[in-house]
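S.K.: My structure is stored as data_24.cif, with mmCIF, C-alpha atoms.
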```
data_protein
#
loop_
_atom_site.label_atom_id
_atom_site.label_comp_id
_atom_site.auth_asym_id
_atom_site.auth_seq_id
_atom_site.Cartn_x
_atom_site.Cartn_y
_atom_site.Cartn_z
CA MET A 1336 12.17 24.13 2.18
CA VAL A 1337 8.55 23.04 2.53
CA ASN A 1338 7.02 22.63 5.99
CA THR A 1339 6.60 18.95 6.90
CA TYR A 1340 3.02 19.52 8.02
CA LEU A 1341 2.18 20.99 4.62
CA TYR A 1342 3.64 17.84 3.04
CA LEU A 1343 1.46 15.68 5.29
CA LEU A 1344 -1.60 17.74 4.43
CA VAL A 1345 -0.96 17.24 0.70
CA MET A 1346 -0.56 13.49 1.21
CA ALA A 1347 -3.76 13.24 3.28
CA ALA A 1348 -5.81 15.36 0.88
CA VAL A 1349 -4.73 13.49 -2.26
CA THR A 1350 -5.12 10.07 -0.59
CA PHE A 1351 -8.64 10.92 0.56
CA ALA A 1352 -9.64 12.38 -2.82
CA VAL A 1353 -8.52 9.23 -4.66
CA ARG A 1354 -10.64 7.08 -2.36
CA ALA A 1355 -13.65 9.36 -2.09
CA LEU A 1356 -14.26 10.47 -5.68
CA PRO A 1357 -15.52 7.18 -7.16
CA LEU A 1358 -17.59 6.33 -4.08
CA THR A 1359 -19.35 9.68 -4.12
CA LEU A 1360 -19.57 10.43 -7.85
CA LEU A 1361 -19.52 7.17 -9.74
CA ARG A 1362 -22.91 5.58 -10.11
CA ARG A 1363 -22.14 3.69 -13.34
CA GLN A 1364 -19.50 1.23 -14.58
CA ILE A 1365 -16.42 2.50 -16.40
CA LYS A 1366 -16.82 1.44 -20.04
CA ASN A 1367 -13.57 2.36 -21.84
CA ARG A 1368 -11.54 -0.81 -22.22
CA PHE A 1369 -8.10 0.83 -22.22
CA VAL A 1370 -8.84 2.92 -19.12
CA GLN A 1371 -10.27 -0.13 -17.41
CA SER A 1372 -7.21 -2.23 -18.24
CA PHE A 1373 -4.80 0.57 -17.32
CA LEU A 1374 -6.46 1.00 -13.91
CA PHE A 1375 -6.41 -2.75 -13.40
CA TYR A 1376 -2.64 -3.03 -13.95
CA VAL A 1377 -1.55 0.11 -12.06
CA PRO A 1378 -1.54 -1.35 -8.51
CA TYR A 1379 0.59 -4.35 -9.48
CA VAL A 1380 3.09 -2.23 -11.40
CA THR A 1381 3.45 0.41 -8.69
CA LEU A 1382 3.96 -2.06 -5.88
CA ALA A 1383 6.37 -4.20 -7.93
CA VAL A 1384 8.43 -1.17 -8.96
CA MET A 1385 8.57 0.08 -5.37
CA THR A 1386 9.61 -3.32 -4.03
CA PHE A 1387 12.57 -4.02 -6.30
CA PRO A 1388 15.40 -3.03 -6.19
CA ALA A 1389 14.51 -0.95 -3.07
CA ILE A 1390 14.33 -4.07 -0.88
CA LEU A 1391 18.04 -4.71 -1.59
CA HIS A 1392 18.98 -1.37 -0.02
CA ALA A 1393 16.62 -1.59 2.96
CA THR A 1394 18.73 -4.16 4.77
CA GLY A 1395 22.30 -4.36 6.05
CA SER A 1396 23.46 -6.42 3.09
CA GLN A 1397 22.08 -6.82 -0.43
CA LEU A 1398 22.09 -10.60 -0.12
CA SER A 1399 19.76 -10.58 2.89
CA GLY A 1400 17.42 -8.23 1.02
CA LEU A 1401 17.41 -10.63 -1.92
CA LEU A 1402 16.65 -13.53 0.43
CA ALA A 1403 13.75 -11.56 1.94
CA LEU A 1404 12.38 -10.99 -1.56
CA GLY A 1405 12.61 -14.70 -2.35
CA VAL A 1406 10.96 -15.75 0.90
CA GLY A 1407 8.23 -13.10 0.49
CA VAL A 1408 7.40 -14.25 -3.04
CA VAL A 1409 7.33 -17.93 -2.06
CA THR A 1410 5.24 -17.51 1.12
CA ALA A 1411 2.77 -15.20 -0.64
CA TRP A 1412 2.58 -17.65 -3.56
CA LEU A 1413 1.78 -20.45 -1.12
CA GLY A 1414 -1.11 -18.40 0.23
CA ALA A 1415 0.21 -16.99 3.53
CA ASP A 1416 -1.62 -13.87 4.73
CA LEU A 1417 -0.17 -10.37 5.01
CA PHE A 1418 1.07 -10.85 8.57
CA LYS A 1419 2.81 -14.17 7.91
CA VAL A 1420 4.49 -12.94 4.71
CA SER A 1421 5.81 -9.82 6.44
CA VAL A 1422 7.08 -11.69 9.49
CA SER A 1423 8.76 -14.35 7.31
CA CYS A 1424 10.63 -11.64 5.42
CA CYS A 1425 11.82 -10.05 8.68
CA ALA A 1426 12.84 -13.41 10.14
CA VAL A 1427 14.95 -14.42 7.15
CA VAL A 1428 16.81 -11.09 7.22
CA LEU A 1429 17.45 -11.43 10.94
CA ILE A 1430 18.80 -14.97 10.54
CA ALA A 1431 20.80 -14.26 7.38
CA GLU A 1432 22.51 -11.23 8.87
CA LEU A 1433 23.71 -13.27 11.85
CA PHE A 1434 25.96 -14.98 9.32
CA LEU A 1435 26.53 -12.21 6.80
CA LEU A 1436 27.44 -9.24 8.98
CA MET B 1067 -28.17 3.29 16.68
CA LYS B 1068 -30.23 0.69 14.89
CA GLN B 1069 -29.91 -2.92 16.02
CA GLU B 1070 -28.48 -4.16 12.67
CA ASN B 1071 -25.90 -1.38 12.65
CA ARG B 1072 -24.81 -2.26 16.18
CA ILE B 1073 -24.33 -5.89 15.16
CA ALA B 1074 -22.39 -4.84 12.05
CA LEU B 1075 -20.18 -2.60 14.20
CA SER B 1076 -19.28 -5.34 16.66
CA THR B 1077 -18.68 -7.88 13.87
CA GLY B 1078 -16.39 -5.33 12.25
CA ILE B 1079 -14.46 -4.84 15.49
CA ARG B 1080 -13.99 -8.61 15.82
CA ASP B 1081 -12.84 -9.02 12.20
CA GLY B 1082 -10.55 -6.01 12.54
CA ILE B 1083 -8.42 -7.50 15.34
CA PRO B 1084 -6.22 -9.83 13.21
CA ILE B 1085 -5.85 -6.99 10.70
CA ALA B 1086 -4.75 -4.66 13.50
CA LEU B 1087 -2.04 -7.12 14.52
CA GLY B 1088 -0.68 -7.26 10.97
CA TYR B 1089 -0.83 -3.49 10.70
CA LEU B 1090 1.15 -3.07 13.91
CA ALA B 1091 4.05 -5.10 12.48
CA VAL B 1092 4.00 -3.54 9.02
CA SER B 1093 3.55 0.07 10.13
CA PHE B 1094 6.53 -0.34 12.43
CA SER B 1095 8.69 -0.64 9.33
CA LEU B 1096 6.85 2.31 7.80
CA GLY B 1097 7.81 4.28 10.91
CA ILE B 1098 11.47 3.48 10.27
CA ALA B 1099 11.04 4.88 6.75
CA ALA B 1100 9.39 7.97 8.25
CA ARG B 1101 12.31 8.51 10.59
CA ASN B 1102 14.76 8.12 7.70
CA ALA B 1103 12.84 10.88 5.91
CA GLY B 1104 13.33 13.15 8.90
CA LEU B 1105 9.84 12.88 10.40
CA THR B 1106 9.24 12.91 14.16
CA PRO B 1107 7.23 10.08 15.77
CA PHE B 1108 4.27 12.47 16.10
CA GLN B 1109 4.45 13.37 12.41
CA GLY B 1110 4.60 9.66 11.57
CA LEU B 1111 1.52 9.05 13.71
CA LEU B 1112 -0.30 11.93 12.07
CA ALA B 1113 0.60 10.75 8.55
CA SER B 1114 -0.69 7.26 9.29
CA LEU B 1115 -3.92 8.36 10.99
CA LEU B 1116 -4.70 10.76 8.14
CA CYS B 1117 -3.66 8.60 5.19
CA ASN B 1118 -4.14 4.95 6.24
CA ALA B 1119 -1.98 3.92 3.30
CA SER B 1120 1.13 1.74 3.16
CA ALA B 1121 2.61 2.26 -0.28
CA GLY B 1122 1.23 5.78 -0.55
CA GLU B 1123 2.81 6.88 2.71
CA TYR B 1124 6.07 5.14 1.94
CA ALA B 1125 6.26 6.78 -1.48
CA GLY B 1126 5.39 10.12 0.13
CA PHE B 1127 8.14 9.73 2.72
CA THR B 1128 10.74 9.11 0.02
CA MET B 1129 9.61 12.34 -1.66
CA ILE B 1130 9.76 14.26 1.63
CA ALA B 1131 13.27 12.89 2.17
CA ALA B 1132 14.20 14.17 -1.30
CA LYS B 1133 12.72 17.61 -0.43
CA ALA B 1134 10.39 17.36 -3.43
CA THR B 1135 7.87 20.00 -4.43
CA CYS B 1136 4.24 19.67 -3.30
CA LEU B 1137 3.22 18.93 -6.88
CA GLU B 1138 5.65 16.02 -7.13
CA LEU B 1139 4.43 14.76 -3.76
CA ALA B 1140 0.80 15.01 -4.85
CA LEU B 1141 1.59 13.16 -8.08
CA ILE B 1142 3.40 10.26 -6.41
CA THR B 1143 0.67 10.01 -3.76
CA LEU B 1144 -1.88 9.82 -6.56
CA ILE B 1145 0.03 7.07 -8.39
CA ALA B 1146 0.86 5.01 -5.31
CA ASN B 1147 -2.78 5.15 -4.18
CA ALA B 1148 -4.28 4.55 -7.62
CA ARG B 1149 -5.44 1.11 -6.56
CA TYR B 1150 -7.77 2.70 -4.01
CA PHE B 1151 -9.43 4.51 -6.89
CA LEU B 1152 -10.19 1.10 -8.36
CA MET B 1153 -11.39 -0.30 -5.07
CA SER B 1154 -13.55 2.75 -4.54
CA CYS B 1155 -15.09 2.15 -7.99
CA ALA B 1156 -15.76 -1.45 -7.01
CA MET B 1157 -17.24 -0.38 -3.68
CA SER B 1158 -19.49 2.17 -5.38
CA GLN B 1159 -21.16 -0.74 -7.19
CA ARG B 1160 -21.95 -2.41 -3.87
CA THR B 1161 -23.35 0.51 -1.87
CA ALA B 1162 -27.08 1.05 -1.44
CA PRO B 1163 -28.11 3.75 -3.95
CA ASN B 1164 -29.60 5.87 -1.14
CA LEU B 1165 -26.53 5.62 1.14
CA LYS B 1166 -25.90 9.04 2.69
CA LEU B 1167 -22.93 11.14 1.56
CA ARG B 1168 -21.33 11.12 5.04
CA HIS B 1169 -21.30 7.31 5.00
CA ARG B 1170 -19.80 7.29 1.50
CA LEU B 1171 -17.05 9.60 2.76
CA GLY B 1172 -16.65 7.45 5.88
CA LEU B 1173 -16.24 4.31 3.78
CA ALA B 1174 -13.73 6.13 1.58
CA PHE B 1175 -11.60 7.28 4.52
CA GLY B 1176 -11.22 3.72 5.82
CA LEU B 1177 -10.66 2.15 2.41
CA THR B 1178 -7.49 0.06 2.81
CA ASP B 1179 -6.63 -3.18 1.00
CA GLU B 1180 -7.64 -5.34 3.94
CA LEU B 1181 -10.79 -3.46 4.99
CA PHE B 1182 -11.88 -3.45 1.35
CA GLY B 1183 -11.27 -7.20 1.20
CA ILE B 1184 -13.33 -8.07 4.27
CA ALA B 1185 -16.11 -5.59 3.42
CA LEU B 1186 -16.64 -6.94 -0.11
CA ALA B 1187 -16.50 -10.52 1.16
CA ARG B 1188 -19.83 -9.88 2.94
CA PRO B 1189 -23.08 -10.44 1.04
CA GLY B 1190 -25.47 -7.73 -0.10
CA PHE B 1191 -25.15 -3.98 0.15
CA LEU B 1192 -22.25 -2.76 2.30
CA ASN B 1193 -23.12 -1.72 5.82
CA PRO B 1194 -20.73 1.16 6.57
CA PHE B 1195 -20.86 0.33 10.29
CA TYR B 1196 -19.07 -2.96 9.61
CA THR B 1197 -16.15 -1.03 8.08
CA TYR B 1198 -16.26 1.54 10.91
CA GLY B 1199 -15.91 -1.27 13.45
CA ALA B 1200 -12.88 -2.79 11.69
CA PHE B 1201 -11.41 0.66 11.15
CA MET B 1202 -11.77 1.54 14.86
CA VAL B 1203 -9.28 -1.20 15.81
CA ALA B 1204 -7.11 -1.29 12.67
CA SER B 1205 -6.38 2.42 12.25
CA PRO B 1206 -5.04 3.10 15.79
CA ALA B 1207 -2.76 0.06 15.38
CA TRP B 1208 -1.50 1.46 12.08
CA GLY B 1209 -0.79 4.86 13.65
CA LEU B 1210 0.72 3.44 16.82
CA GLY B 1211 3.04 1.13 14.87
CA THR B 1212 4.26 4.02 12.73
CA ALA B 1213 4.98 6.16 15.79
CA LEU B 1214 6.77 3.28 17.52
CA GLY B 1215 8.84 2.57 14.42
CA ALA B 1216 9.88 6.21 14.18
CA LEU B 1217 10.63 6.27 17.91
CA ALA B 1218 12.31 2.91 18.47
CA GLY B 1219 14.06 2.83 15.11
CA SER B 1220 16.82 4.94 16.62
CA LEU B 1221 17.01 2.94 19.87
CA MET B 1222 16.98 -0.55 18.40
CA PRO B 1223 20.11 -2.42 17.35
CA ALA B 1224 20.89 -2.00 13.64
CA ARG B 1225 20.34 -5.72 13.12
CA LEU B 1226 16.70 -5.49 14.23
CA VAL B 1227 16.04 -2.29 12.26
CA SER B 1228 17.40 -4.02 9.18
CA ALA B 1229 15.08 -7.00 9.72
CA CYS B 1230 11.99 -4.90 10.43
CA SER B 1231 12.50 -2.68 7.39
CA VAL B 1232 11.48 -5.47 5.03
CA ALA B 1233 8.02 -5.98 6.63
CA LEU B 1234 6.61 -3.30 4.34
CA TYR B 1235 7.93 -5.02 1.22
CA GLY B 1236 6.49 -8.25 2.57
CA MET B 1237 3.11 -6.55 2.66
CA PHE B 1238 3.50 -5.32 -0.93
CA LEU B 1239 4.35 -8.87 -2.01
CA ALA B 1240 1.33 -10.24 -0.11
CA VAL B 1241 -0.84 -7.93 -2.22
CA ILE B 1242 0.65 -8.60 -5.68
CA ILE B 1243 1.78 -12.24 -5.62
CA PRO B 1244 -1.50 -14.14 -4.95
CA PRO B 1245 -3.22 -12.61 -8.04
CA ALA B 1246 -0.06 -13.40 -10.06
CA ARG B 1247 -0.55 -17.04 -9.23
CA LYS B 1248 -3.96 -17.02 -10.88
CA ASN B 1249 -3.13 -14.68 -13.78
CA LYS B 1250 -0.07 -15.28 -16.00
CA VAL B 1251 -0.18 -11.74 -17.41
CA ILE B 1252 0.19 -10.27 -13.92
CA ALA B 1253 2.99 -12.72 -13.11
CA GLY B 1254 4.89 -11.77 -16.27
CA LEU B 1255 4.19 -8.10 -15.71
CA ILE B 1256 5.66 -8.22 -12.18
CA ALA B 1257 8.83 -9.84 -13.54
CA VAL B 1258 9.09 -7.15 -16.23
CA CYS B 1259 8.54 -4.47 -13.56
CA PHE B 1260 11.36 -5.84 -11.40
CA ALA B 1261 13.70 -5.89 -14.41
CA CYS B 1262 12.77 -2.40 -15.63
CA SER B 1263 12.91 -0.94 -12.14
CA TYR B 1264 16.36 -2.44 -11.61
CA ALA B 1265 17.57 -1.21 -14.99
CA ALA B 1266 16.19 2.28 -14.31
CA SER B 1267 18.09 2.45 -11.01
CA CYS B 1268 21.32 1.64 -12.85
CA LEU B 1269 20.96 3.71 -16.05
CA PRO B 1270 22.99 6.89 -15.59
CA MET B 1271 20.24 9.15 -16.97
CA LEU B 1272 17.39 7.72 -14.91
CA ALA B 1273 19.35 6.93 -11.75
CA ARG B 1274 19.75 10.64 -11.08
CA VAL B 1275 16.02 11.42 -10.95
CA SER B 1276 14.41 10.64 -7.60
CA GLU B 1277 13.04 7.23 -6.69
CA GLY B 1278 9.50 8.62 -6.59
CA THR B 1279 9.71 10.13 -10.06
CA ARG B 1280 11.07 6.86 -11.45
CA THR B 1281 8.09 5.09 -9.87
CA ILE B 1282 5.66 7.47 -11.59
CA LEU B 1283 7.35 7.10 -15.00
CA LEU B 1284 7.59 3.33 -14.81
CA THR B 1285 4.03 2.92 -13.54
CA VAL B 1286 2.50 4.97 -16.34
CA LEU B 1287 4.65 3.39 -19.08
CA LEU B 1288 4.37 -0.23 -17.96
CA SER B 1289 0.65 -0.10 -17.09
CA ALA B 1290 -0.16 1.55 -20.42
CA GLY B 1291 1.96 -1.05 -22.21
CA ALA B 1292 0.21 -3.89 -20.42
CA ALA B 1293 -3.21 -2.34 -21.10
CA LEU B 1294 -2.39 -2.10 -24.85
CA LEU B 1295 -0.90 -5.57 -25.16
CA PHE B 1296 -3.24 -7.40 -22.79
CA PRO B 1297 -6.54 -5.51 -22.58
CA ARG B 1298 -8.87 -6.87 -19.91
CA ARG B 1299 -11.79 -8.86 -21.20
CA GLU B 1300 -14.29 -8.40 -18.41
CA GLU B 1301 -14.26 -6.00 -15.51
CA GLY B 1302 -13.82 -6.83 -11.87
CA SER B 1303 -12.34 -10.33 -11.91
CA ALA B 1304 -8.65 -10.68 -11.14
#
```
Translate this structure into C-alpha cells?

M.R.:
Amino acid sequence: MVNTYLYLLVMAAVTFAVRALPLTLLRRQIKNRFVQSFLFYVPYVTLAVMTFPAILHATGSQLSGLLALGVGVVTAWLGADLFKVSVSCCAVVLIAELFLL
Amino acid sequence: MKQENRIALSTGIRDGIPIALGYLAVSFSLGIAARNAGLTPFQGLLASLLCNASAGEYAGFTMIAAKATCLELALITLIANARYFLMSCAMSQRTAPNLKLRHRLGLAFGLTDELFGIALARPGFLNPFYTYGAFMVASPAWGLGTALGALAGSLMPARLVSACSVALYGMFLAVIIPPARKNKVIAGLIAVCFACSYAASCLPMLARVSEGTRTILLTVLLSAGAALLFPRREEGSA
C-alpha cells in the first residue's frame, strides 16, 4: 500500500518535468518526422481513449452518458468554448436522468 | 516591477477570469473522481494546485484507485500529459532567448491548455508576467473546485453527482473536437480511438488490465500507427 502523498508527489514531479524540460532545454526545432507526427497525435488519442467508453460509466445510466457524449461532440464541433461544452454535457445528463431513472 | 510587466500581469488577471470560471465547473467533476479514488478534499486540492492538469490528474486518480505502483502512475501521468510536452516545445520557440531560467520554470508550471492558448495568441516574445496573472486567478479556482467536488460529492444528490461527472469529459471533447473539424485525419483517428477503446474494454484479455494501462497501450499503438500512416507535413499547424 503506497502512501497517497507519495502518489501525489510522483504525479506532480512527472507533470512538472514534462512541461519544464522542453522550455528549459530545447532551443531548436524537433526534426525527426516520425517523432514529430507521433507527438502531434498523442494528445488526441489519449483524450479520446479516456473519454470513451468511460463516459458511459460516469453517469447513472449508460444512455445518459451516450447523450452527453453526443451533445459534447456537437457543441464542440459548433465552436462552443470549454465552459459551454462542459455545462451542456452536465445539463443533458441532468435532464435525461429525470426521465430515465 | 517594470511598468510593462505590471501591465502584462493585470491583463493576464483579466483574461484569466473566464478561464477560472470554466475551471471551477470542470474541476468540480475532477474532485468527484478524486473522492471515488479515496482522496480527501485536502488531497484533491493539493493534487490540483501541484499538477494543474485535467486529464493527467484524472488518469492519476484512476491509478491511485487501482492501487497501482509508482512506476505505473508515473508512466500514465507522462502519457496523459504528453501534450504539454508539445506545448512546451511550441512555447520554447516563442520565448526570448535570454529569458531567465526561473521564468522558464514559472511558465512551465502554469502551462495548461487554456493558458497556453491565450499566451500564444499574443504577439511577439512571451511575457511570463501575463501567464502569471492568468495563473493567479485560474489555479486557485482549479484547486478550489477539486476540493469542493471531493467534499460535496458525498453530500449532493446522486442525480447531481451523475450530471457533474461528465463536465470533465466535456472539457476533453472541447480540446479534441475543434481540431477534428479542420483536420480529417484527426476526426478519423478519434473515431478509431473510440472504437478501439470500446473494444479493449470488452475483450476478455484486455478488460482485466487496469483502465490506465489500457490508455497507455492504446495511446502508444494508435499514435504510432497514425504517425506511420499519416506523417505530418509541416510542424506546428493543426

S.K.: Written as a ChimeraX atom specification, what is the full residue list that the PyMOL selection byres ((chain B) within 7 of (chain A)) yields on the file shown?

M.R.: /B:1088,1113,1116-1117,1126,1136,1140,1143-1144,1146-1152,1154-1155,1157-1158,1167,1170-1171,1174-1175,1177,1225-1226,1228-1240,1242-1244,1247,1256,1259-1260,1263-1264,1281,1285,1288-1290,1293-1294,1297-1298

S.K.: What does the structure give for the distance between atom CA of B:Gly1104 and atom CA of A:Gln1397, in Å to one decimal?

M.R.: 23.7 Å

S.K.: Atom CA of B:Tyr1198 and atom CA of B:Leu1096 are how many Å apart?

M.R.: 23.3 Å

S.K.: Which residues, named as in the file, does the PyMOL selection byres ((chain B and resi 1207) around 10) pick out? Answer as a list in words.

M.R.: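 That expression, the PyMOL selection byres ((chain B and resi 1207) around 10), corresponds here to Ile1083, Ile1085, Ala1086, Leu1087, Gly1088, Tyr1089, Leu1090, Ala1091, Val1092, Ser1093, Phe1094, Ser1114, Leu1115, Phe1201, Met1202, Val1203, Ala1204, Ser1205, Pro1206, Trp1208, Gly1209, Leu1210, Gly1211, Thr1212 and Ala1213 of chain B.
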
S.K.: Restricting the output to C-alpha atoms, write the selected residues as a compact mmCIF listing (two decimals), in the coordinates of the input.

M.R.:
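Below you can see selection.txt, which holds the result:
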```txt
# COMPACT_ATOMS: atom_id res chain seq x y z
CA ILE B 1083 -8.42 -7.50 15.34
CA ILE B 1085 -5.85 -6.99 10.70
CA ALA B 1086 -4.75 -4.66 13.50
CA LEU B 1087 -2.04 -7.12 14.52
CA GLY B 1088 -0.68 -7.26 10.97
CA TYR B 1089 -0.83 -3.49 10.70
CA LEU B 1090 1.15 -3.07 13.91
CA ALA B 1091 4.05 -5.10 12.48
CA VAL B 1092 4.00 -3.54 9.02
CA SER B 1093 3.55 0.07 10.13
CA PHE B 1094 6.53 -0.34 12.43
CA SER B 1114 -0.69 7.26 9.29
CA LEU B 1115 -3.92 8.36 10.99
CA PHE B 1201 -11.41 0.66 11.15
CA MET B 1202 -11.77 1.54 14.86
CA VAL B 1203 -9.28 -1.20 15.81
CA ALA B 1204 -7.11 -1.29 12.67
CA SER B 1205 -6.38 2.42 12.25
CA PRO B 1206 -5.04 3.10 15.79
CA TRP B 1208 -1.50 1.46 12.08
CA GLY B 1209 -0.79 4.86 13.65
CA LEU B 1210 0.72 3.44 16.82
CA GLY B 1211 3.04 1.13 14.87
CA THR B 1212 4.26 4.02 12.73
CA ALA B 1213 4.98 6.16 15.79
```

S.K.: Please enclose the listed atoms of stretch 1095-1100 of chain B in an axis-aligned box, pad each side by 3 Å, and write out the centre and the three edge lengths in Å, rounded to one decimal, as JSON.

M.R.:
```
{"center_x": 9.2, "center_y": 3.7, "center_z": 8.8, "size_x": 10.6, "size_y": 14.6, "size_z": 10.2}
```

S.K.: What separation in Å, quoted to one decimal, exists between atom CA of B:Ile1145 and atom CA of B:Leu1284?

M.R.: 10.6 Å

S.K.: Could you name the residues that touch B:Arg1072 at 12 Å or less, counting all atoms listed in the file, but leaving out those on the same chain fewer than 3 positions away, as a PyMOL selection string?

M.R.: chain B and resi 1067-1069+1075-1079+1193-1199

S.K.: For the residues selected in the previous step, produce a file with C-alpha atoms as a CSV table (one decimal), in the coordinates of the input.

M.R.:
```
chain,number,residue,atom,x,y,z
B,1067,MET,CA,-28.2,3.3,16.7
B,1068,LYS,CA,-30.2,0.7,14.9
B,1069,GLN,CA,-29.9,-2.9,16.0
B,1075,LEU,CA,-20.2,-2.6,14.2
B,1076,SER,CA,-19.3,-5.3,16.7
B,1077,THR,CA,-18.7,-7.9,13.9
B,1078,GLY,CA,-16.4,-5.3,12.2
B,1079,ILE,CA,-14.5,-4.8,15.5
B,1193,ASN,CA,-23.1,-1.7,5.8
B,1194,PRO,CA,-20.7,1.2,6.6
B,1195,PHE,CA,-20.9,0.3,10.3
B,1196,TYR,CA,-19.1,-3.0,9.6
B,1197,THR,CA,-16.2,-1.0,8.1
B,1198,TYR,CA,-16.3,1.5,10.9
B,1199,GLY,CA,-15.9,-1.3,13.4
```

S.K.: Once the PyMOL selection byres ((chain B and resi 1134) around 12) has been applied to the shown file, what residues remain in the selection, as a PyMOL selection string?

M.R.: (chain A and resi 1336-1339+1342) or (chain B and resi 1103+1125-1133+1135-1142+1275-1279)
